[in-house]
Amino acid sequence: MAAATASSPHSLATASGLLLGTTGLAMAVGALLGWLFDAAGIGLLIGAIAGIPLAVGVVYAVYSRAGA
């Protein structure tokens, strides 16, 4: 018997894309700001650290809005 599919357009791929995209964007912004202060590596690291909770928050916002 086939597994039932969710009626929501959101899937694991959507969540993964949001996580990766948001984290990557935060890393890029961090690297850019770090480059402006001659410390691109540190900026990249700070962007990655800040990007993880930001990405989780984005996924939570998207999925909680879809359930309402």
# chains A, B, ... in the order shown; residues from 1 in each chain; ligands from 1
>>> select_by_dssp(residues="chain A", states="helix (DSSP H, G or I)", output="ChimeraX atom specification")
/A:12-36,40-67
>>> atom_distance(atom1="CA of Ala55 (chain A)", atom2="CA of Thr22 (chain A)")
5.2 Å
>>> residues_around(residues="Leu12 (chain A)", least_positions_apart="5", cutoff="12 Å", atoms="only C-alpha atoms", output="JSON, numbers by chain")
{"A": [6, 17, 18, 19, 59, 63]}
>>> write_last_selection(atoms="N, CA and C atoms", output="PDB file, in the first residue's frame")
ATOM      1  N   ALA A   6       1.211  14.275   1.781  1.00  0.00           N
ATOM      2  CA  ALA A   6       0.636  15.438   2.455  1.00  0.00           C
ATOM      3  C   ALA A   6      -0.024  16.350   1.426  1.00  0.00           C
ATOM      4  N   GLY A  17      15.833  23.484   1.452  1.00  0.00           N
ATOM      5  CA  GLY A  17      16.204  24.629   0.636  1.00  0.00           C
ATOM      6  C   GLY A  17      16.176  25.925   1.410  1.00  0.00           C
ATOM      7  N   LEU A  18      15.172  26.078   2.260  1.00  0.00           N
ATOM      8  CA  LEU A  18      15.102  27.279   3.092  1.00  0.00           C
ATOM      9  C   LEU A  18      16.266  27.343   4.072  1.00  0.00           C
ATOM     10  N   LEU A  19      16.588  26.203   4.682  1.00  0.00           N
ATOM     11  CA  LEU A  19      17.706  26.162   5.619  1.00  0.00           C
ATOM     12  C   LEU A  19      19.019  26.508   4.929  1.00  0.00           C
ATOM     13  N   VAL A  59      12.287  28.774   8.597  1.00  0.00           N
ATOM     14  CA  VAL A  59      11.514  27.550   8.357  1.00  0.00           C
ATOM     15  C   VAL A  59      10.314  27.494   9.285  1.00  0.00           C
ATOM     16  N   TYR A  63       6.427  27.370   7.907  1.00  0.00           N
ATOM     17  CA  TYR A  63       5.572  26.224   8.200  1.00  0.00           C
ATOM     18  C   TYR A  63       4.445  26.564   9.166  1.00  0.00           C
TER      19      TYR A  63
END
>>> closest_residue(among="A:Ala39, A:Val29, A:Ala15, A:Leu44", to="Val62 (chain A)", atoms="only C-alpha atoms")
A:Ala15
>>> decode(residues="region 36-62 of chain A", atoms="N, CA and C atoms", output="PDB file, in the first residue's frame")
ATOM      1  N   LEU A  36      34.812  44.053   4.347  1.00  0.00           N
ATOM      2  CA  LEU A  36      34.885  45.512   4.520  1.00  0.00           C
ATOM      3  C   LEU A  36      35.796  45.895   5.679  1.00  0.00           C
ATOM      4  N   PHE A  37      35.903  44.999   6.677  1.00  0.00           N
ATOM      5  CA  PHE A  37      36.757  45.255   7.839  1.00  0.00           C
ATOM      6  C   PHE A  37      38.040  44.424   7.788  1.00  0.00           C
ATOM      7  N   ASP A  38      38.410  43.950   6.608  1.00  0.00           N
ATOM      8  CA  ASP A  38      39.633  43.164   6.382  1.00  0.00           C
ATOM      9  C   ASP A  38      39.699  41.889   7.216  1.00  0.00           C
ATOM     10  N   ALA A  39      38.552  41.237   7.398  1.00  0.00           N
ATOM     11  CA  ALA A  39      38.509  39.967   8.124  1.00  0.00           C
ATOM     12  C   ALA A  39      37.392  39.104   7.551  1.00  0.00           C
ATOM     13  N   ALA A  40      37.540  38.740   6.278  1.00  0.00           N
ATOM     14  CA  ALA A  40      36.472  38.001   5.603  1.00  0.00           C
ATOM     15  C   ALA A  40      36.230  36.641   6.238  1.00  0.00           C
ATOM     16  N   GLY A  41      37.286  35.974   6.696  1.00  0.00           N
ATOM     17  CA  GLY A  41      37.129  34.661   7.324  1.00  0.00           C
ATOM     18  C   GLY A  41      36.320  34.737   8.610  1.00  0.00           C
ATOM     19  N   ILE A  42      36.602  35.727   9.416  1.00  0.00           N
ATOM     20  CA  ILE A  42      35.851  35.912  10.663  1.00  0.00           C
ATOM     21  C   ILE A  42      34.404  36.285  10.354  1.00  0.00           C
ATOM     22  N   GLY A  43      34.207  37.123   9.365  1.00  0.00           N
ATOM     23  CA  GLY A  43      32.855  37.489   8.966  1.00  0.00           C
ATOM     24  C   GLY A  43      32.065  36.290   8.468  1.00  0.00           C
ATOM     25  N   LEU A  44      32.721  35.419   7.715  1.00  0.00           N
ATOM     26  CA  LEU A  44      32.083  34.197   7.232  1.00  0.00           C
ATOM     27  C   LEU A  44      31.683  33.307   8.400  1.00  0.00           C
ATOM     28  N   LEU A  45      32.567  33.170   9.365  1.00  0.00           N
ATOM     29  CA  LEU A  45      32.273  32.362  10.549  1.00  0.00           C
ATOM     30  C   LEU A  45      31.109  32.948  11.344  1.00  0.00           C
ATOM     31  N   ILE A  46      31.115  34.234  11.557  1.00  0.00           N
ATOM     32  CA  ILE A  46      30.028  34.883  12.292  1.00  0.00           C
ATOM     33  C   ILE A  46      28.718  34.770  11.521  1.00  0.00           C
ATOM     34  N   GLY A  47      28.790  34.895  10.206  1.00  0.00           N
ATOM     35  CA  GLY A  47      27.592  34.728   9.381  1.00  0.00           C
ATOM     36  C   GLY A  47      27.030  33.321   9.485  1.00  0.00           C
ATOM     37  N   ALA A  48      27.906  32.318   9.523  1.00  0.00           N
ATOM     38  CA  ALA A  48      27.444  30.932   9.660  1.00  0.00           C
ATOM     39  C   ALA A  48      26.810  30.697  11.018  1.00  0.00           C
ATOM     40  N   ILE A  49      27.434  31.231  12.060  1.00  0.00           N
ATOM     41  CA  ILE A  49      26.889  31.051  13.412  1.00  0.00           C
ATOM     42  C   ILE A  49      25.544  31.758  13.545  1.00  0.00           C
ATOM     43  N   ALA A  50      25.435  32.958  13.012  1.00  0.00           N
ATOM     44  CA  ALA A  50      24.167  33.694  13.086  1.00  0.00           C
ATOM     45  C   ALA A  50      23.134  33.122  12.126  1.00  0.00           C
ATOM     46  N   GLY A  51      23.579  32.516  11.035  1.00  0.00           N
ATOM     47  CA  GLY A  51      22.666  32.014  10.024  1.00  0.00           C
ATOM     48  C   GLY A  51      21.887  30.784  10.438  1.00  0.00           C
ATOM     49  N   ILE A  52      22.452  29.965  11.310  1.00  0.00           N
ATOM     50  CA  ILE A  52      21.766  28.736  11.707  1.00  0.00           C
ATOM     51  C   ILE A  52      20.459  29.030  12.442  1.00  0.00           C
ATOM     52  N   PRO A  53      20.471  29.828  13.526  1.00  0.00           N
ATOM     53  CA  PRO A  53      19.174  30.121  14.161  1.00  0.00           C
ATOM     54  C   PRO A  53      18.254  30.957  13.275  1.00  0.00           C
ATOM     55  N   LEU A  54      18.832  31.803  12.435  1.00  0.00           N
ATOM     56  CA  LEU A  54      18.017  32.575  11.499  1.00  0.00           C
ATOM     57  C   LEU A  54      17.292  31.646  10.537  1.00  0.00           C
ATOM     58  N   ALA A  55      17.989  30.641  10.032  1.00  0.00           N
ATOM     59  CA  ALA A  55      17.386  29.688   9.098  1.00  0.00           C
ATOM     60  C   ALA A  55      16.290  28.872   9.767  1.00  0.00           C
ATOM     61  N   VAL A  56      16.524  28.465  11.000  1.00  0.00           N
ATOM     62  CA  VAL A  56      15.491  27.720  11.732  1.00  0.00           C
ATOM     63  C   VAL A  56      14.260  28.593  11.917  1.00  0.00           C
ATOM     64  N   GLY A  57      14.472  29.864  12.226  1.00  0.00           N
ATOM     65  CA  GLY A  57      13.352  30.786  12.380  1.00  0.00           C
ATOM     66  C   GLY A  57      12.573  30.988  11.093  1.00  0.00           C
ATOM     67  N   VAL A  58      13.276  31.037   9.966  1.00  0.00           N
ATOM     68  CA  VAL A  58      12.598  31.187   8.670  1.00  0.00           C
ATOM     69  C   VAL A  58      11.737  29.962   8.381  1.00  0.00           C
ATOM     70  N   VAL A  59      12.287  28.774   8.597  1.00  0.00           N
ATOM     71  CA  VAL A  59      11.514  27.550   8.357  1.00  0.00           C
ATOM     72  C   VAL A  59      10.314  27.494   9.285  1.00  0.00           C
ATOM     73  N   TYR A  60      10.509  27.863  10.535  1.00  0.00           N
ATOM     74  CA  TYR A  60       9.388  27.866  11.484  1.00  0.00           C
ATOM     75  C   TYR A  60       8.307  28.838  11.029  1.00  0.00           C
ATOM     76  N   ALA A  61       8.714  30.016  10.593  1.00  0.00           N
ATOM     77  CA  ALA A  61       7.730  31.021  10.148  1.00  0.00           C
ATOM     78  C   ALA A  61       6.954  30.534   8.929  1.00  0.00           C
ATOM     79  N   VAL A  62       7.638  29.912   7.982  1.00  0.00           N
ATOM     80  CA  VAL A  62       6.969  29.445   6.771  1.00  0.00           C
ATOM     81  C   VAL A  62       5.993  28.318   7.100  1.00  0.00           C
TER      82      VAL A  62
END
